[in-house]
Amino acid sequence: MTISPTAADPLDEVFSSAWLTAQQFQPVEYVVPGVIPEGLTILVAPPKVGKSWMVLGIAQAAASGGKAFGAIQVKQRPVLYLALEDGPRRLQSRLSVIGVTEGIQDLMFLTRLGASVVDTITAFLERHGHNKPLIILDTLGKVRGTYGGNDAYGNDYSQMSALKGLVDDVPGSSLLVVHHTNKGEKSDFLDSVSGTQGLAGAADSILAIKRERNTDNSTLHVTSRDAAEGEYALTLTDGVWSMDGTTLQEAANAVVAREASAGVGDDMKRIIEQVNKYPEARNAEDIAIPLGLDKKLVGTYLARAAEDGRIHRQSRGMYAPIPSPVAVHHP
């Protein structure tokens with residue numbers, strides 16, 4: 001097969017590793033350092049878990065230059081929140097609940113689309129692209145439509161790629177898309193994204209909220225091309241999402257501590273929680289005294305907890321928390 005002499009050379013855009021290693025690229029921009037980088041991020045969770053409360057809190061923090069999840073300092077940037085399942089009255093009420101009593105000029109809302117979602121996002125990027133804006137689409141289902149063809153994966157991938165392309169063309173900008181999960185428990189949280197794997201495959205980052213039953217405790221699962229994969233403990237109280245700790249590492253440690261004390265009796269739970277308060281190893285006496293428990297009983301529980309993998313036996317009679325994955329905090 002011969003290429004037409006008038007056609008563009010298909011190798012015009014080839015670059016060498018020598019050229020590539022000599023380049024100086026801008027560092028990745030983060031809406032929430034270590035959690036939400038620039039590009040396309042999908043946030044998924046079951047209904048009524050608090051997705052809209054979470055993105056409203058992130059929007060408020062980003063527009064004001066405050067702290068996301070009450071702990072992570074973020075840079076100020078213009079925000080467009082496409083709250084397509086809400087109206088002005090509900091949004092006003094929710095802002096009041098999370099403590100916003102005075103308007104933030106750089107936090108803007110649309111509850112109805114007067115044009116296509118692509119044209120709407122494009123217009124905002126054209127006006128604010130120089131300030132590395134954040135756009136939130138709540139929810140994907142409001143603009144996704146239905147598809148009855150044979151290539152559902154290809155359709156999902158194409159739809160998400162079209163949205164991703166908008167922010168990819170404006171370096172430093174971010175699009176956070178709210179979506180729901182598939183029904184039923186999934187061993188891999190990436191499989192929980194409703195629809196085909198084309199949705200998750202096109203995204204730069206996936207955030208998934210898993211809420212513990214009958215509690216306010218939740219875990220935020222993060223996987224990303226640019227942010228470190230991790231699990232972080234969060235709590236939802238009166239519409240406000242808070243991180244369990246002051247850093248991502250502390251929130252990651254809290255997930256390990258929660259899992260270690262799940263499904264045990266009261267005394268065992270108190271003992272495990274006491275062990276997890278200290279990064280360094282403790283013996284039975286160290287744990288028993290502040291709890292007012294018998295040293296011998298505590299020693300028995302510690303040995304049992306170590307055998308069950310709930311705590312770490314560092315040496316004979318010395319116990320420490322299970323090490324958690326180190327959370328990478330990107331600049």
# chains A, B, ... in the order shown; residues from 1 in each chain; ligands from 1
>>> residues_around(residues="A:Ser173", least_positions_apart="6", cutoff="7 Å", atoms="only C-alpha atoms", output="list in words")
Glu38, Gly39, Gly129, Lys132, Pro133, Leu134 and Val167 of chain A
>>> write_last_selection(atoms="C-alpha atoms", output="compact mmCIF listing (two decimals), in the first residue's frame")
# COMPACT_ATOMS: atom_id res chain seq x y z
CA GLU A 38 -5.81 18.40 36.70
CA GLY A 39 -7.69 16.60 33.94
CA GLY A 129 -8.64 29.06 31.43
CA LYS A 132 -6.64 26.96 36.07
CA PRO A 133 -10.38 26.58 36.70
CA LEU A 134 -12.35 23.71 38.21
CA VAL A 167 -9.71 20.21 29.96
>>> residues_around(residues="A:Val222", least_positions_apart="2", cutoff="6 Å", atoms="only C-alpha atoms", output="PyMOL selection string")
chain A and resi 206-207+229-230
>>> residues_around(residues="A:Leu84", least_positions_apart="5", cutoff="10 Å", atoms="only C-alpha atoms", output="PyMOL selection string")
chain A and resi 109-113+137-143
>>> residues_around(residues="A:Ile209", least_positions_apart="5", cutoff="7 Å", atoms="only C-alpha atoms", output="ChimeraX atom specification")
/A:44-45,218-221
>>> residues_around(residues="stretch 315-322 of chain A", least_positions_apart="5", cutoff="10 Å", atoms="only C-alpha atoms", output="MDAnalysis selection string")
chainID A and resid 253 256:257 260 272:287 299 302:303 305:306 309:310
>>> write_last_selection(atoms="N, CA and C atoms", output="short mmCIF file (atom, residue, chain, number, x, y, z; two decimals), in the first residue's frame")
data_model
loop_
_atom_site.label_atom_id
_atom_site.label_comp_id
_atom_site.auth_asym_id
_atom_site.auth_seq_id
_atom_site.Cartn_x
_atom_site.Cartn_y
_atom_site.Cartn_z
N ASN A 253 -3.67 6.17 57.75
CA ASN A 253 -3.48 5.39 58.97
C ASN A 253 -4.83 5.10 59.64
N VAL A 256 -6.60 2.06 58.26
CA VAL A 256 -6.03 0.82 58.79
C VAL A 256 -6.53 0.57 60.21
N ALA A 257 -6.59 1.64 61.01
CA ALA A 257 -7.05 1.50 62.40
C ALA A 257 -8.51 1.09 62.45
N ALA A 260 -8.79 -2.53 61.57
CA ALA A 260 -8.22 -3.40 62.60
C ALA A 260 -9.19 -3.67 63.74
N ILE A 272 -7.05 -2.35 70.72
CA ILE A 272 -6.51 -2.12 69.37
C ILE A 272 -6.42 -0.62 69.09
N GLU A 273 -7.45 0.13 69.46
CA GLU A 273 -7.43 1.57 69.26
C GLU A 273 -6.30 2.22 70.04
N GLN A 274 -6.02 1.71 71.24
CA GLN A 274 -4.93 2.26 72.05
C GLN A 274 -3.58 1.98 71.38
N VAL A 275 -3.41 0.78 70.83
CA VAL A 275 -2.17 0.46 70.11
C VAL A 275 -1.99 1.40 68.93
N ASN A 276 -3.09 1.68 68.23
CA ASN A 276 -3.01 2.52 67.03
C ASN A 276 -2.80 4.00 67.32
N LYS A 277 -2.83 4.38 68.58
CA LYS A 277 -2.55 5.78 68.93
C LYS A 277 -1.07 6.10 68.85
N TYR A 278 -0.23 5.06 68.88
CA TYR A 278 1.21 5.28 68.95
C TYR A 278 1.91 4.65 67.75
N PRO A 279 2.80 5.39 67.11
CA PRO A 279 3.53 4.81 65.97
C PRO A 279 4.57 3.79 66.40
N GLU A 280 5.08 3.93 67.64
CA GLU A 280 6.09 3.01 68.12
C GLU A 280 5.45 1.89 68.93
N ALA A 281 6.18 0.78 69.08
CA ALA A 281 5.64 -0.41 69.74
C ALA A 281 5.41 -0.16 71.24
N ARG A 282 4.38 -0.83 71.78
CA ARG A 282 4.04 -0.76 73.20
C ARG A 282 3.86 -2.19 73.73
N ASN A 283 4.09 -2.36 75.06
CA ASN A 283 3.85 -3.67 75.66
C ASN A 283 2.50 -3.67 76.37
N ALA A 284 2.15 -4.79 76.97
CA ALA A 284 0.83 -4.94 77.59
C ALA A 284 0.61 -3.93 78.71
N GLU A 285 1.64 -3.66 79.48
CA GLU A 285 1.49 -2.70 80.59
C GLU A 285 1.22 -1.30 80.07
N ASP A 286 1.93 -0.91 79.00
CA ASP A 286 1.72 0.42 78.41
C ASP A 286 0.27 0.60 77.97
N ILE A 287 -0.33 -0.46 77.46
CA ILE A 287 -1.71 -0.40 76.97
C ILE A 287 -2.71 -0.51 78.11
N GLY A 299 -2.53 -8.55 77.69
CA GLY A 299 -1.53 -9.35 76.99
C GLY A 299 -2.15 -10.44 76.14
N LEU A 302 -3.79 -8.77 73.13
CA LEU A 302 -2.78 -8.30 72.18
C LEU A 302 -2.26 -9.46 71.32
N ALA A 303 -1.98 -10.59 71.97
CA ALA A 303 -1.50 -11.76 71.23
C ALA A 303 -2.54 -12.23 70.21
N ALA A 305 -4.97 -10.39 68.87
CA ALA A 305 -5.11 -9.39 67.80
C ALA A 305 -3.97 -9.50 66.79
N ALA A 306 -2.77 -9.79 67.28
CA ALA A 306 -1.63 -9.95 66.37
C ALA A 306 -1.81 -11.18 65.50
N GLY A 309 -3.99 -10.55 62.64
CA GLY A 309 -3.51 -9.55 61.69
C GLY A 309 -4.06 -8.16 61.92
N ARG A 310 -4.58 -7.90 63.13
CA ARG A 310 -5.16 -6.58 63.42
C ARG A 310 -4.11 -5.60 63.93
#
>>> select_by_dssp(residues="stretch 82-302 of chain A", states="alpha helix (DSSP H)", output="count of residues only")
88
>>> residues_around(residues="A:Leu175", least_positions_apart="4", cutoff="6 Å", atoms="only C-alpha atoms", output="list in words")
Leu40, Leu134, Ile135 and Ile136 of chain A
>>> write_last_selection(atoms="C-alpha atoms", output="PDB file, in the first residue's frame")
ATOM      1  CA  LEU A  40     -10.830  14.488  34.232  1.00  0.00           C
ATOM      2  CA  LEU A 134     -12.349  23.712  38.210  1.00  0.00           C
ATOM      3  CA  ILE A 135     -15.634  22.574  36.663  1.00  0.00           C
ATOM      4  CA  ILE A 136     -17.945  20.163  38.494  1.00  0.00           C
TER       5      ILE A 136
END
>>> atom_distance(atom1="atom CA of A:Asp238", atom2="atom CA of A:Thr181")
23.0 Å
>>> closest_residue(among="A:Thr247, A:Asn217, A:Asn131, A:Thr120", to="A:Val31", atoms="only C-alpha atoms")
A:Asn131
>>> atom_distance(atom1="atom CA of A:Asp226", atom2="atom CA of A:Asp106")
26.0 Å
>>> atom_distance(atom1="atom CA of A:Leu43", atom2="atom CA of A:Val97")
21.9 Å
>>> residues_around(residues="A:Ser242", least_positions_apart="6", cutoff="8 Å", atoms="only C-alpha atoms", output="ChimeraX atom specification")
/A:69-71,234-236
>>> closest_residue(among="A:Gln73, A:Thr122, A:Ser261, A:Gln159", to="A:Leu248", atoms="only C-alpha atoms")
A:Gln73
>>> select_by_dssp(residues="stretch 63-238 of chain A", states="strand (DSSP E)", output="compact mmCIF listing (two decimals) with N, CA and C atoms, in the first residue's frame")
# COMPACT_ATOMS: atom_id res chain seq x y z
N LYS A 67 -9.51 25.11 52.81
CA LYS A 67 -9.02 23.76 53.06
C LYS A 67 -10.08 22.73 52.66
N ALA A 68 -9.70 21.81 51.79
CA ALA A 68 -10.58 20.72 51.40
C ALA A 68 -10.62 19.69 52.51
N ILE A 72 -6.76 19.89 53.99
CA ILE A 72 -5.77 20.05 52.92
C ILE A 72 -5.89 21.44 52.29
N GLN A 73 -4.86 22.25 52.46
CA GLN A 73 -4.85 23.59 51.88
C GLN A 73 -4.85 23.51 50.36
N VAL A 79 -14.45 28.46 39.95
CA VAL A 79 -15.16 27.18 39.95
C VAL A 79 -16.53 27.37 39.31
N LEU A 80 -16.88 26.47 38.40
CA LEU A 80 -18.22 26.39 37.86
C LEU A 80 -18.83 25.08 38.32
N TYR A 81 -19.90 25.16 39.09
CA TYR A 81 -20.58 23.97 39.59
C TYR A 81 -21.88 23.80 38.81
N LEU A 82 -21.91 22.78 37.95
CA LEU A 82 -23.12 22.45 37.19
C LEU A 82 -23.97 21.53 38.06
N ALA A 83 -24.81 22.16 38.90
CA ALA A 83 -25.64 21.43 39.86
C ALA A 83 -26.97 21.09 39.20
N LEU A 107 -17.11 31.36 42.89
CA LEU A 107 -17.91 30.14 42.91
C LEU A 107 -19.20 30.42 42.16
N MET A 108 -19.34 29.80 40.97
CA MET A 108 -20.48 30.07 40.10
C MET A 108 -21.28 28.79 39.86
N PHE A 109 -22.60 28.95 39.69
CA PHE A 109 -23.48 27.81 39.56
C PHE A 109 -24.30 27.90 38.28
N LEU A 110 -24.65 26.74 37.76
CA LEU A 110 -25.70 26.59 36.76
C LEU A 110 -26.54 25.39 37.17
N LEU A 134 -11.74 25.00 37.88
CA LEU A 134 -12.35 23.71 38.21
C LEU A 134 -13.81 23.75 37.76
N ILE A 135 -14.23 22.72 37.06
CA ILE A 135 -15.63 22.57 36.66
C ILE A 135 -16.16 21.28 37.27
N ILE A 136 -17.32 21.33 37.88
CA ILE A 136 -17.94 20.16 38.49
C ILE A 136 -19.24 19.87 37.75
N LEU A 137 -19.38 18.64 37.29
CA LEU A 137 -20.59 18.20 36.60
C LEU A 137 -21.33 17.22 37.52
N ASP A 138 -22.47 17.63 38.02
CA ASP A 138 -23.25 16.84 38.98
C ASP A 138 -24.70 16.73 38.47
N SER A 174 -9.42 21.50 35.44
CA SER A 174 -9.90 20.23 35.97
C SER A 174 -11.41 20.12 35.78
N LEU A 175 -11.86 18.89 35.51
CA LEU A 175 -13.28 18.58 35.42
C LEU A 175 -13.57 17.42 36.36
N LEU A 176 -14.42 17.66 37.34
CA LEU A 176 -14.82 16.65 38.32
C LEU A 176 -16.25 16.23 38.02
N VAL A 177 -16.43 14.97 37.63
CA VAL A 177 -17.73 14.45 37.21
C VAL A 177 -18.29 13.53 38.29
N VAL A 178 -19.51 13.81 38.73
CA VAL A 178 -20.17 12.99 39.75
C VAL A 178 -21.00 11.91 39.06
N HIS A 179 -20.84 10.67 39.52
CA HIS A 179 -21.53 9.55 38.91
C HIS A 179 -21.92 8.56 40.01
N HIS A 180 -22.74 7.60 39.68
CA HIS A 180 -23.17 6.63 40.68
C HIS A 180 -22.50 5.28 40.45
N SER A 205 -8.47 10.17 36.77
CA SER A 205 -8.53 9.77 38.18
C SER A 205 -9.92 9.28 38.52
N ILE A 206 -9.98 8.34 39.45
CA ILE A 206 -11.26 7.83 39.95
C ILE A 206 -11.26 7.97 41.47
N LEU A 207 -12.32 8.59 42.00
CA LEU A 207 -12.54 8.65 43.44
C LEU A 207 -13.82 7.86 43.74
N ALA A 208 -13.77 7.02 44.74
CA ALA A 208 -14.95 6.24 45.11
C ALA A 208 -15.16 6.33 46.62
N ILE A 209 -16.39 6.66 47.02
CA ILE A 209 -16.73 6.76 48.44
C ILE A 209 -17.39 5.46 48.88
N LYS A 210 -16.86 4.85 49.91
CA LYS A 210 -17.49 3.69 50.51
C LYS A 210 -17.83 4.03 51.96
N ARG A 211 -19.12 4.01 52.27
CA ARG A 211 -19.58 4.42 53.60
C ARG A 211 -19.88 3.21 54.46
N ASN A 217 -18.81 7.21 59.22
CA ASN A 217 -17.47 6.95 58.71
C ASN A 217 -17.50 6.48 57.27
N SER A 218 -16.58 6.99 56.47
CA SER A 218 -16.45 6.59 55.07
C SER A 218 -14.98 6.48 54.71
N THR A 219 -14.73 5.78 53.62
CA THR A 219 -13.38 5.67 53.07
C THR A 219 -13.40 6.21 51.64
N LEU A 220 -12.45 7.08 51.34
CA LEU A 220 -12.31 7.62 49.99
C LEU A 220 -11.19 6.85 49.29
N HIS A 221 -11.54 6.09 48.26
CA HIS A 221 -10.56 5.34 47.48
C HIS A 221 -10.10 6.22 46.31
N VAL A 222 -8.82 6.30 46.11
CA VAL A 222 -8.25 7.15 45.06
C VAL A 222 -7.33 6.33 44.17
N THR A 223 -7.55 6.40 42.88
CA THR A 223 -6.58 5.87 41.93
C THR A 223 -6.45 6.88 40.79
N SER A 224 -5.24 7.04 40.28
CA SER A 224 -5.01 8.15 39.37
C SER A 224 -3.73 7.93 38.59
N GLY A 230 -4.54 5.44 46.99
CA GLY A 230 -4.63 5.37 48.44
C GLY A 230 -6.06 5.29 48.92
N GLU A 231 -6.21 5.06 50.22
CA GLU A 231 -7.50 5.02 50.89
C GLU A 231 -7.43 5.93 52.09
N TYR A 232 -8.42 6.82 52.22
CA TYR A 232 -8.37 7.84 53.26
C TYR A 232 -9.68 7.88 54.04
N ALA A 233 -9.55 7.98 55.35
CA ALA A 233 -10.71 7.98 56.23
C ALA A 233 -11.35 9.36 56.27
N LEU A 234 -12.66 9.40 56.03
CA LEU A 234 -13.43 10.64 56.07
C LEU A 234 -14.66 10.46 56.94
N THR A 235 -15.20 11.57 57.41
CA THR A 235 -16.44 11.55 58.18
C THR A 235 -17.37 12.63 57.64
N LEU A 236 -18.64 12.29 57.47
CA LEU A 236 -19.66 13.25 57.04
C LEU A 236 -20.53 13.60 58.23
N THR A 237 -20.50 14.87 58.61
CA THR A 237 -21.29 15.36 59.74
C THR A 237 -22.03 16.62 59.33
>>> closest_residue(among="A:Pro171, A:Arg270, A:Leu291, A:Gly263", to="A:Phe25", atoms="only C-alpha atoms")
A:Pro171
